[in-house]
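S.K.: Have a look at the structure that comes next, please.
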Amino acid sequence: MSQRTIPTSSVSAARVITPERVLEPGWVSWVGDSIVEVGAGQVEGAQDLGDVTLAPGFVDMHAHGGGGAAFTDGPDAARAVLETHLAQGTTSMMASLVTDTIDNLERQVRDLAPMVLRGELLGIHLEGPWLSHLHRGAHQESLLRDPEPEDIDRLLAAGGGAIAMVTLAVERQGGIEATRRFVENGVIVAPGHSHATYERAVQAIEAGASVATHLFNAERPIHHREPGLIVALLEQPQVSIELIADGVHVHPAMLREAARRAQGRFVLVTDAMAAAGSADGDYELGPLQVRVQDGIARLVDGGAIAGSTLTLDRAVRYATGTAGIGLHEAITAATSTPADVLRRPDLGRLAPGARADLVVLDAQLRVGRVMRAGKWVR
């Protein structure tokens with residue numbers, strides 16, 4: 001009996017972004033849904049994509065919605081979010097949920113958990129309800145609470161392993177104990193929406209906290225006599241740093257400084273809400289009303305910034321353009337670095353054994369084509 005041979009497909013491009021460097025030119029080969037080889041120069045039989053940049057599929061580890069839909073609204077809405085961001089090059093996403101009652105969060109986690117088990121979502125991120133009243137941002141103040149063990153266990157049980165990350169104001173009563181409890185259950189703890197002192201932040205990092213939720217936004221500012229959690233998070237090499245590169249959340253000089261201080265461990269995230277990929281207008285973010293004008297989302301009540309309307313391709317363009325961050329560094333921050341944070345070495349990289357997720361970018365780094373798991377989707 002003859003053995004069936006699975007065909008290999010290949011493409012070449014003027015620039016190919018690998019985890020280590022930019023190949024100019026380079027090529028990628030895949031079989032089925034997996035990359036089998038990546039190389040410099042040209043390879044016989046490859047489809048030449050021309051003067052473009054070939055990047056891995058983007059990985060967004062902090063997003064709430066897009067395309068007019070939000071992850072809080074169940075599986076059908078979640079798939080609409082995924083489709084919106086996929087069209088702009090994001091091939092892997094984590095579903096972020098905002099502060100709500102424990103009952104509602106339990107229902108939302110149960111609704112999304114099967115999508116995590118099927119591989120549609122990377123996991124679930126709980127951004128609340130264990131946040132600071134002083135730095136609540138776009139979270140309903142009356143629903144904020146201390147991290148009680150029974151609430152934590154209830155939500156972890158609802159997820160059945162699907163909860164991958166929580167944002168936590170570690171200064172809240174029980175915050176350090178909650179950090180240890182989550183870490184022991186394999187959940188990433190991300191200090192954020194917090195008024196923690198420097199000492200408290202260091203204590204949380206020593207307890208296992210390892211990600212900074214959207215650094216600089218909704219947290220205690222730096223002071224020369226009380227550096228607070230921002231400095232603590234930046235100076236610890238085991239902490240990955242989320243940054244929102246949209247020109248609204250963080251000044252480009254602060255983006256450059258954070259990227260310099262956290263070289264190789266900063267992550268571009270969108271923190272996108274339902275209006276990402278959609279028009280200006282009125283939307284909801286959990287139980288709160290949001291108005292989007294000129295692409296900027298703010299709470300109707302109070303005017304606080306309420307997430308973004310960003311997609312990761314735009315974040316890369318802003319980082320490399322306005323903020324002056326290098327191309328390889330910016331694309332790595334949107335691909336392999338977040339994949340590594342989420343313990344997914346098979347994603348976000350053009351390397352043998354990784355999933356065949358490719359994004360074709362033109363000279364302005366705009367998305368031309370997208371491949372997910374070996375199939376072109378745009």
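Chain labels A, B, ... are given in the sequence in which chains occur in the structure tokens; within each chain residues are numbered consecutively from 1, and ligands are likewise numbered from 1 in the order shown.
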Counting only C-alpha atoms, what is within 12 Å of Ile222 (chain A), bar same-chain residues fewer than 4 positions away, as a list in words?

M.R.: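 Surrounding residues, per the criterion: His195, Ala196, Thr197, Tyr198, Leu215, Phe216, Asn217, Glu226, Pro227, Gly228, Leu229, Ile230, Val231, Ala232, Leu233 and Leu234 of chain A.
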
S.K.: Please produce a file of those selected residues containing N, CA and C atoms, as a JSON list (two decimals), in the first residue's frame.

M.R.:
[["chain", "number", "residue", "atom", "x", "y", "z"],
["A", 195, "HIS", "N", -4.09, 50.89, 43.74],
["A", 195, "HIS", "CA", -3.43, 51.98, 44.47],
["A", 195, "HIS", "C", -2.31, 51.41, 45.35],
["A", 196, "ALA", "N", -1.75, 50.28, 44.95],
["A", 196, "ALA", "CA", -0.75, 49.61, 45.77],
["A", 196, "ALA", "C", 0.51, 50.45, 45.92],
["A", 197, "THR", "N", 1.11, 50.38, 47.08],
["A", 197, "THR", "CA", 2.41, 50.97, 47.29],
["A", 197, "THR", "C", 3.48, 50.11, 46.61],
["A", 198, "TYR", "N", 4.67, 50.66, 46.53],
["A", 198, "TYR", "CA", 5.80, 49.90, 45.97],
["A", 198, "TYR", "C", 6.01, 48.62, 46.75],
["A", 215, "LEU", "N", -0.24, 49.05, 31.77],
["A", 215, "LEU", "CA", 0.61, 49.91, 32.60],
["A", 215, "LEU", "C", 0.31, 51.39, 32.35],
["A", 216, "PHE", "N", 0.34, 52.16, 33.42],
["A", 216, "PHE", "CA", 0.11, 53.61, 33.49],
["A", 216, "PHE", "C", -1.36, 53.97, 33.57],
["A", 217, "ASN", "N", -2.25, 53.10, 33.10],
["A", 217, "ASN", "CA", -3.67, 53.44, 33.07],
["A", 217, "ASN", "C", -4.40, 52.86, 34.27],
["A", 226, "GLU", "N", 7.13, 57.81, 46.87],
["A", 226, "GLU", "CA", 6.35, 56.58, 46.85],
["A", 226, "GLU", "C", 6.20, 56.13, 45.41],
["A", 227, "PRO", "N", 7.17, 55.33, 44.91],
["A", 227, "PRO", "CA", 7.17, 54.97, 43.49],
["A", 227, "PRO", "C", 5.95, 54.16, 43.06],
["A", 228, "GLY", "N", 5.30, 53.48, 44.00],
["A", 228, "GLY", "CA", 4.09, 52.74, 43.66],
["A", 228, "GLY", "C", 4.36, 51.52, 42.81],
["A", 229, "LEU", "N", 3.26, 50.93, 42.32],
["A", 229, "LEU", "CA", 3.39, 49.65, 41.63],
["A", 229, "LEU", "C", 3.99, 49.78, 40.24],
["A", 230, "ILE", "N", 3.89, 50.94, 39.59],
["A", 230, "ILE", "CA", 4.43, 51.08, 38.23],
["A", 230, "ILE", "C", 5.93, 50.78, 38.22],
["A", 231, "VAL", "N", 6.66, 51.39, 39.12],
["A", 231, "VAL", "CA", 8.11, 51.16, 39.18],
["A", 231, "VAL", "C", 8.41, 49.73, 39.57],
["A", 232, "ALA", "N", 7.66, 49.20, 40.54],
["A", 232, "ALA", "CA", 7.88, 47.81, 40.96],
["A", 232, "ALA", "C", 7.69, 46.84, 39.80],
["A", 233, "LEU", "N", 6.66, 47.06, 39.01],
["A", 233, "LEU", "CA", 6.36, 46.16, 37.89],
["A", 233, "LEU", "C", 7.42, 46.29, 36.79],
["A", 234, "LEU", "N", 7.88, 47.52, 36.53],
["A", 234, "LEU", "CA", 8.86, 47.72, 35.47],
["A", 234, "LEU", "C", 10.22, 47.13, 35.83]]

S.K.: Please list as a PDB file with C-alpha atoms, in the first residue's frame every residue within 9 Å of region 29-39 of chain A, counting only C-alpha atoms and excluding residues in the same chain fewer than 5 positions away.

M.R.:
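Result file follows (out-v1.pdb):
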ATOM      1  CA  ILE A   6       0.664  15.577   2.437  1.00  0.00           C
ATOM      2  CA  PRO A   7       1.630  18.517   0.203  1.00  0.00           C
ATOM      3  CA  THR A   8       3.808  21.317   1.521  1.00  0.00           C
ATOM      4  CA  SER A   9       2.859  24.921   0.771  1.00  0.00           C
ATOM      5  CA  SER A  10       5.349  27.811   0.797  1.00  0.00           C
ATOM      6  CA  VAL A  11       5.374  31.580   0.481  1.00  0.00           C
ATOM      7  CA  SER A  12       8.258  34.031   0.272  1.00  0.00           C
ATOM      8  CA  VAL A  16       9.823  37.662   7.218  1.00  0.00           C
ATOM      9  CA  THR A  18      10.936  35.418  13.047  1.00  0.00           C
ATOM     10  CA  LEU A  23      14.828  37.748   7.255  1.00  0.00           C
ATOM     11  CA  ALA A  46       7.270  29.238  -3.101  1.00  0.00           C
ATOM     12  CA  LEU A 350       7.092  31.857  12.407  1.00  0.00           C
ATOM     13  CA  ALA A 351       9.019  28.768  13.469  1.00  0.00           C
ATOM     14  CA  PRO A 352       8.837  24.999  12.831  1.00  0.00           C
ATOM     15  CA  GLY A 353       6.111  23.378  14.903  1.00  0.00           C
ATOM     16  CA  ALA A 354       4.095  26.551  15.389  1.00  0.00           C
ATOM     17  CA  ARG A 355       0.563  26.877  14.074  1.00  0.00           C
ATOM     18  CA  ALA A 356       0.510  28.289  10.561  1.00  0.00           C
ATOM     19  CA  ASP A 357      -0.850  31.746  11.381  1.00  0.00           C
ATOM     20  CA  ARG A 372      -5.143  30.990  10.461  1.00  0.00           C
ATOM     21  CA  ALA A 373      -4.183  27.361  11.003  1.00  0.00           C
ATOM     22  CA  GLY A 374      -2.971  26.961   7.431  1.00  0.00           C
ATOM     23  CA  LYS A 375      -6.006  28.477   5.715  1.00  0.00           C
TER      24      LYS A 375
END

S.K.: May I ask for the distance between CA of Leu168 (chain A) and CA of Val116 (chain A), given in Å to one decimal place?

M.R.: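 These two atoms are separated by 21.9 Å.
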
S.K.: Within 10 Å of Arg107 (chain A), counting only C-alpha atoms, which residues qualify if same-chain residues fewer than 5 places away don't, as a PyMOL selection string?

M.R.: chain A and resi 72+74+101-102+112+155+158-159

S.K.: Using the selection just defined, write its residues with C-alpha atoms as a PDB file, in the first residue's frame.

M.R.:
ATOM      1  CA  THR A  72     -19.852  39.372  28.026  1.00  0.00           C
ATOM      2  CA  GLY A  74     -22.052  34.836  25.107  1.00  0.00           C
ATOM      3  CA  THR A 101     -21.837  40.566  40.073  1.00  0.00           C
ATOM      4  CA  ILE A 102     -20.371  37.177  40.948  1.00  0.00           C
ATOM      5  CA  LEU A 112     -17.274  30.987  27.270  1.00  0.00           C
ATOM      6  CA  LEU A 155     -15.462  31.274  39.467  1.00  0.00           C
ATOM      7  CA  ALA A 158     -17.254  27.583  36.663  1.00  0.00           C
ATOM      8  CA  GLY A 159     -14.328  27.908  34.261  1.00  0.00           C
TER       9      GLY A 159
END

S.K.: Return the single residue from A:Ala209, A:Val59, A:Ala297, A:Met115 that is closest to Leu86 (chain A), with distances computed using only C-alpha atoms.

M.R.: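 Smallest separation from Leu86 (chain A) among the options: A:Val59.
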
S.K.: As a PyMOL selection string, which residues of region 329-372 of chain A does DSSP assign to strand (DSSP E or B)?

M.R.: chain A and resi 355+358-361+367-372

S.K.: Find the residues around Arg145 (chain A) up to 8 Å (only C-alpha atoms counted), leave out those fewer than 4 positions away in its own chain, and share them as a ChimeraX atom specification.

M.R.: /A:129-131

S.K.: Looking at only C-alpha atoms, which of A:Glu127, A:Leu285, A:Ala245, A:Gly68 is the one that sits closest to Ala80 (chain A)?

M.R.: A:Gly68
